[in-house]
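Enquirer: Sharing my_file.cif (mmCIF, C-alpha atoms) below.
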data_work
loop_
_atom_site.label_atom_id
_atom_site.label_comp_id
_atom_site.auth_asym_id
_atom_site.auth_seq_id
_atom_site.Cartn_x
_atom_site.Cartn_y
_atom_site.Cartn_z
CA MET A 1 2.45 -13.81 -6.99
CA LEU A 2 -0.67 -15.92 -6.94
CA THR A 3 -1.82 -17.86 -9.97
CA LYS A 4 -5.22 -17.32 -11.57
CA GLU A 5 -6.40 -20.58 -10.06
CA GLU A 6 -5.49 -19.38 -6.55
CA LEU A 7 -7.49 -16.16 -6.86
CA PRO A 8 -11.23 -15.88 -6.23
CA ALA A 9 -13.47 -16.12 -9.28
CA CYS A 10 -15.14 -12.82 -8.39
CA PRO A 11 -13.07 -9.80 -9.53
CA VAL A 12 -14.19 -7.74 -6.52
CA ALA A 13 -13.05 -10.50 -4.18
CA THR A 14 -9.71 -10.60 -6.02
CA THR A 15 -9.20 -6.86 -5.48
CA VAL A 16 -10.19 -7.15 -1.82
CA GLN A 17 -7.74 -10.02 -1.36
CA LEU A 18 -4.90 -7.94 -2.82
CA ILE A 19 -5.53 -4.57 -1.15
CA GLY A 20 -8.42 -5.10 1.24
CA SER A 21 -6.62 -4.59 4.53
CA LYS A 22 -6.60 -1.21 6.22
CA TRP A 23 -2.82 -1.03 6.19
CA LYS A 24 -2.38 -2.00 2.55
CA LEU A 25 -4.77 0.75 1.48
CA LEU A 26 -2.95 3.32 3.59
CA ILE A 27 0.42 2.14 2.25
CA LEU A 28 -0.93 2.59 -1.29
CA ARG A 29 -2.19 6.06 -0.38
CA ASN A 30 1.28 7.07 0.82
CA LEU A 31 3.17 5.50 -2.07
CA ARG A 32 1.05 7.47 -4.55
CA MET A 33 2.84 10.59 -3.31
CA ARG A 34 6.44 9.36 -3.64
CA PRO A 35 8.73 6.45 -2.72
CA TRP A 36 8.96 5.89 1.04
CA ARG A 37 11.45 4.20 3.33
CA PHE A 38 10.27 1.63 5.87
CA ASN A 39 10.70 3.80 8.97
CA GLU A 40 9.00 6.74 7.26
CA LEU A 41 5.97 4.56 6.60
CA ARG A 42 5.98 3.20 10.13
CA ARG A 43 6.03 6.70 11.61
CA ASP A 44 3.33 7.99 9.27
CA LEU A 45 0.98 5.02 9.65
CA GLU A 46 0.15 5.55 13.29
CA GLY A 47 -0.71 2.29 15.02
CA VAL A 48 0.84 -0.14 12.53
CA SER A 49 3.20 -2.67 14.07
CA GLN A 50 6.56 -3.45 12.52
CA LYS A 51 5.44 -7.01 11.80
CA VAL A 52 2.20 -6.00 10.09
CA LEU A 53 3.99 -3.36 8.00
CA THR A 54 6.70 -5.84 7.01
CA ASP A 55 4.16 -8.53 6.13
CA SER A 56 2.00 -6.08 4.16
CA LEU A 57 4.96 -4.72 2.18
CA ARG A 58 6.20 -8.24 1.40
CA ALA A 59 2.75 -9.38 0.27
CA MET A 60 2.29 -6.30 -1.92
CA GLU A 61 5.73 -6.83 -3.44
CA ASP A 62 4.97 -10.51 -4.08
CA ASP A 63 1.69 -9.49 -5.75
CA GLY A 64 3.52 -7.04 -8.01
CA ILE A 65 1.81 -3.94 -6.57
CA ILE A 66 4.95 -2.30 -5.18
CA THR A 67 8.66 -2.41 -5.86
CA ARG A 68 11.44 -2.60 -3.30
CA THR A 69 14.74 -0.97 -4.24
CA VAL A 70 17.89 -1.56 -2.19
CA TYR A 71 20.58 1.05 -2.76
CA PRO A 72 24.21 -0.11 -2.37
CA GLU A 73 25.11 2.30 0.41
CA VAL A 74 26.38 1.94 3.94
CA PRO A 75 24.06 1.60 5.73
CA PRO A 76 21.80 0.16 3.01
CA ARG A 77 18.86 2.34 1.98
CA VAL A 78 15.64 0.61 0.95
CA GLU A 79 12.75 2.41 -0.72
CA TYR A 80 9.28 1.20 -1.57
CA ALA A 81 7.39 2.59 -4.56
CA LEU A 82 4.34 1.74 -6.62
CA SER A 83 4.89 -0.52 -9.58
CA PRO A 84 2.99 0.21 -12.80
CA LEU A 85 0.38 -2.29 -11.58
CA GLY A 86 0.13 -0.42 -8.28
CA GLU A 87 -0.19 2.90 -10.10
CA SER A 88 -3.12 1.44 -12.04
CA MET A 89 -5.02 1.28 -8.73
CA GLY A 90 -5.13 5.08 -8.61
CA PRO A 91 -8.76 5.32 -9.81
CA ILE A 92 -9.83 2.91 -7.05
CA LEU A 93 -8.21 5.09 -4.38
CA ASP A 94 -9.59 8.26 -6.00
CA ALA A 95 -13.10 6.80 -5.91
CA MET A 96 -12.67 5.81 -2.27
CA ALA A 97 -11.44 9.30 -1.37
CA LYS A 98 -14.37 10.93 -3.19
CA TRP A 99 -16.87 8.64 -1.51
CA GLY A 100 -15.32 9.33 1.90
CA GLU A 101 -15.54 13.09 1.33
CA GLU A 102 -19.21 12.82 0.29
CA TYR A 103 -19.99 10.63 3.28
CA LYS A 104 -18.47 13.16 5.67
CA LYS A 105 -20.64 15.88 4.15
CA GLN A 106 -23.74 13.83 5.04
CA LEU A 107 -22.86 13.70 8.72
CA PRO A 108 -24.34 16.23 11.16
#
If you convert what's in this file into structure tokens, what do you get?
Expert:
Amino acid sequence: MLTKEELPACPVATTVQLIGSKWKLLILRNLRMRPWRFNELRRDLEGVSQKVLTDSLRAMEDDGIITRTVYPEVPPRVEYALSPLGESMGPILDAMAKWGEEYKKQLP
């Protein structure tokens, strides 16, 4: 997790740094529904590479936005879910969804 000194002074820039990539936003969208396993996310997020998904999940976990739970099974099962901090981003995603719907209505 970054320190306050490492984050931009602007709060919008801070949010963009944490969730501004296309894949991070789509991961958040999926995790709002339920916990997901890695391969489920990879199949659902068409076009994401394994490396980008891995890097995005690690960064989001480091930033405290998601949790990673490893179940002691054979083979091991790993699930990703929103942390309370990640859940607090719900209004941001709701606003983005609403704006996207309104934008589509404007198109011919």
Enquirer: Written as JSON, numbers by chain, which residues does the PyMOL selection byres ((chain A and resi 78) around 8) give for the file shown?
Expert: {"A": [37, 38, 68, 69, 70, 71, 76, 77, 79, 80]}
Enquirer: Please provide as a CSV table (one decimal) with C-alpha atoms, in the coordinates of the input all residues within 8 Å of A:Leu45, with the sequence filter that same-chain residues fewer than 5 positions apart are discarded (counting only C-alpha atoms).
Expert:
chain,number,residue,atom,x,y,z
A,23,TRP,CA,-2.8,-1.0,6.2
A,26,LEU,CA,-3.0,3.3,3.6
A,27,ILE,CA,0.4,2.1,2.2
Enquirer: Using all atoms listed in the file, determine which residues lie at most 9 Å from A:Arg32, disregarding the query and same-chain residues fewer than 6 positions distant; provide the list as a PyMOL selection string.
Expert: chain A and resi 81-82+86-87+90
Enquirer: Using all atoms listed in the file, which of the listed residues (A:Gly64, A:Pro91, A:Pro75, A:Gly100) sits closest to A:Met1?
Expert: A:Gly64
Enquirer: So how far away is atom CA of A:Ile92 from atom CA of A:Leu53, in Å?
Expert: 21.4 Å
Enquirer: Exactly which residues make up the result of the PyMOL selection byres ((chain A and resi 19) around 12) on this file, given as a ChimeraX atom specification?
Expert: /A:12-18,20-29,56-57,59-61,63-66,86,89,92-93
Enquirer: For stretch 45-82 of chain A of the block above, can you save N, CA and C atoms as a compact mmCIF listing (two decimals), in the first residue's frame?
Expert:
# COMPACT_ATOMS: atom_id res chain seq x y z
N LEU A 45 -13.21 -11.63 -18.68
CA LEU A 45 -12.62 -10.37 -19.15
C LEU A 45 -11.91 -10.63 -20.48
N GLU A 46 -12.69 -10.69 -21.51
CA GLU A 46 -12.18 -11.03 -22.83
C GLU A 46 -11.08 -10.05 -23.26
N GLY A 47 -9.92 -10.60 -23.61
CA GLY A 47 -8.82 -9.78 -24.08
C GLY A 47 -7.75 -9.51 -23.04
N VAL A 48 -8.00 -9.79 -21.77
CA VAL A 48 -6.99 -9.54 -20.75
C VAL A 48 -5.95 -10.67 -20.79
N SER A 49 -4.70 -10.30 -20.69
CA SER A 49 -3.65 -11.32 -20.65
C SER A 49 -3.49 -11.80 -19.21
N GLN A 50 -2.90 -12.97 -19.08
CA GLN A 50 -2.67 -13.52 -17.74
C GLN A 50 -1.78 -12.60 -16.92
N LYS A 51 -0.76 -12.03 -17.56
CA LYS A 51 0.16 -11.14 -16.85
C LYS A 51 -0.54 -9.87 -16.36
N VAL A 52 -1.33 -9.26 -17.23
CA VAL A 52 -2.02 -8.02 -16.86
C VAL A 52 -3.02 -8.30 -15.74
N LEU A 53 -3.75 -9.42 -15.84
CA LEU A 53 -4.71 -9.76 -14.79
C LEU A 53 -3.98 -10.01 -13.46
N THR A 54 -2.90 -10.77 -13.51
CA THR A 54 -2.12 -11.03 -12.30
C THR A 54 -1.60 -9.74 -11.70
N ASP A 55 -1.01 -8.89 -12.52
CA ASP A 55 -0.46 -7.61 -12.03
C ASP A 55 -1.56 -6.72 -11.45
N SER A 56 -2.71 -6.67 -12.12
CA SER A 56 -3.82 -5.84 -11.64
C SER A 56 -4.34 -6.35 -10.31
N LEU A 57 -4.53 -7.66 -10.19
CA LEU A 57 -5.02 -8.23 -8.94
C LEU A 57 -4.03 -7.99 -7.80
N ARG A 58 -2.75 -8.17 -8.07
CA ARG A 58 -1.73 -7.93 -7.03
C ARG A 58 -1.73 -6.47 -6.58
N ALA A 59 -1.80 -5.56 -7.56
CA ALA A 59 -1.79 -4.13 -7.22
C ALA A 59 -3.03 -3.77 -6.40
N MET A 60 -4.18 -4.30 -6.79
CA MET A 60 -5.42 -3.99 -6.06
C MET A 60 -5.39 -4.60 -4.66
N GLU A 61 -4.78 -5.75 -4.52
CA GLU A 61 -4.64 -6.35 -3.20
C GLU A 61 -3.68 -5.52 -2.35
N ASP A 62 -2.56 -5.11 -2.93
CA ASP A 62 -1.59 -4.27 -2.21
C ASP A 62 -2.21 -2.94 -1.77
N ASP A 63 -3.14 -2.41 -2.59
CA ASP A 63 -3.79 -1.14 -2.27
C ASP A 63 -4.96 -1.31 -1.31
N GLY A 64 -5.28 -2.55 -0.95
CA GLY A 64 -6.34 -2.80 0.01
C GLY A 64 -7.74 -2.79 -0.59
N ILE A 65 -7.85 -2.83 -1.92
CA ILE A 65 -9.14 -2.76 -2.59
C ILE A 65 -9.81 -4.14 -2.67
N ILE A 66 -8.99 -5.18 -2.80
CA ILE A 66 -9.53 -6.54 -2.87
C ILE A 66 -8.82 -7.42 -1.85
N THR A 67 -9.44 -8.55 -1.58
CA THR A 67 -8.82 -9.56 -0.72
C THR A 67 -8.59 -10.82 -1.54
N ARG A 68 -7.58 -11.56 -1.17
CA ARG A 68 -7.24 -12.82 -1.82
C ARG A 68 -7.28 -13.88 -0.73
N THR A 69 -8.16 -14.88 -0.94
CA THR A 69 -8.31 -15.95 0.04
C THR A 69 -7.87 -17.25 -0.58
N VAL A 70 -6.91 -17.92 0.08
CA VAL A 70 -6.43 -19.23 -0.37
C VAL A 70 -7.05 -20.28 0.54
N TYR A 71 -7.78 -21.20 -0.05
CA TYR A 71 -8.42 -22.27 0.72
C TYR A 71 -7.50 -23.48 0.76
N PRO A 72 -7.34 -24.09 1.94
CA PRO A 72 -6.42 -25.23 2.09
C PRO A 72 -7.04 -26.52 1.52
N GLU A 73 -7.07 -26.58 0.21
CA GLU A 73 -7.59 -27.74 -0.50
C GLU A 73 -6.54 -28.23 -1.47
N VAL A 74 -6.78 -29.41 -2.01
CA VAL A 74 -5.89 -29.93 -3.05
C VAL A 74 -6.75 -30.18 -4.28
N PRO A 75 -6.49 -29.47 -5.37
CA PRO A 75 -5.54 -28.37 -5.53
C PRO A 75 -6.05 -27.11 -4.80
N PRO A 76 -5.14 -26.20 -4.47
CA PRO A 76 -5.55 -24.99 -3.75
C PRO A 76 -6.57 -24.18 -4.55
N ARG A 77 -7.53 -23.62 -3.85
CA ARG A 77 -8.53 -22.75 -4.46
C ARG A 77 -8.28 -21.34 -3.94
N VAL A 78 -8.22 -20.40 -4.88
CA VAL A 78 -7.97 -19.00 -4.53
C VAL A 78 -9.14 -18.18 -5.04
N GLU A 79 -9.69 -17.34 -4.18
CA GLU A 79 -10.79 -16.46 -4.57
C GLU A 79 -10.42 -15.01 -4.28
N TYR A 80 -10.88 -14.15 -5.16
CA TYR A 80 -10.70 -12.72 -5.01
C TYR A 80 -12.06 -12.09 -4.71
N ALA A 81 -12.09 -11.16 -3.77
CA ALA A 81 -13.33 -10.49 -3.39
C ALA A 81 -13.01 -9.04 -3.05
N LEU A 82 -14.04 -8.22 -3.04
CA LEU A 82 -13.85 -6.83 -2.64
C LEU A 82 -13.64 -6.75 -1.13
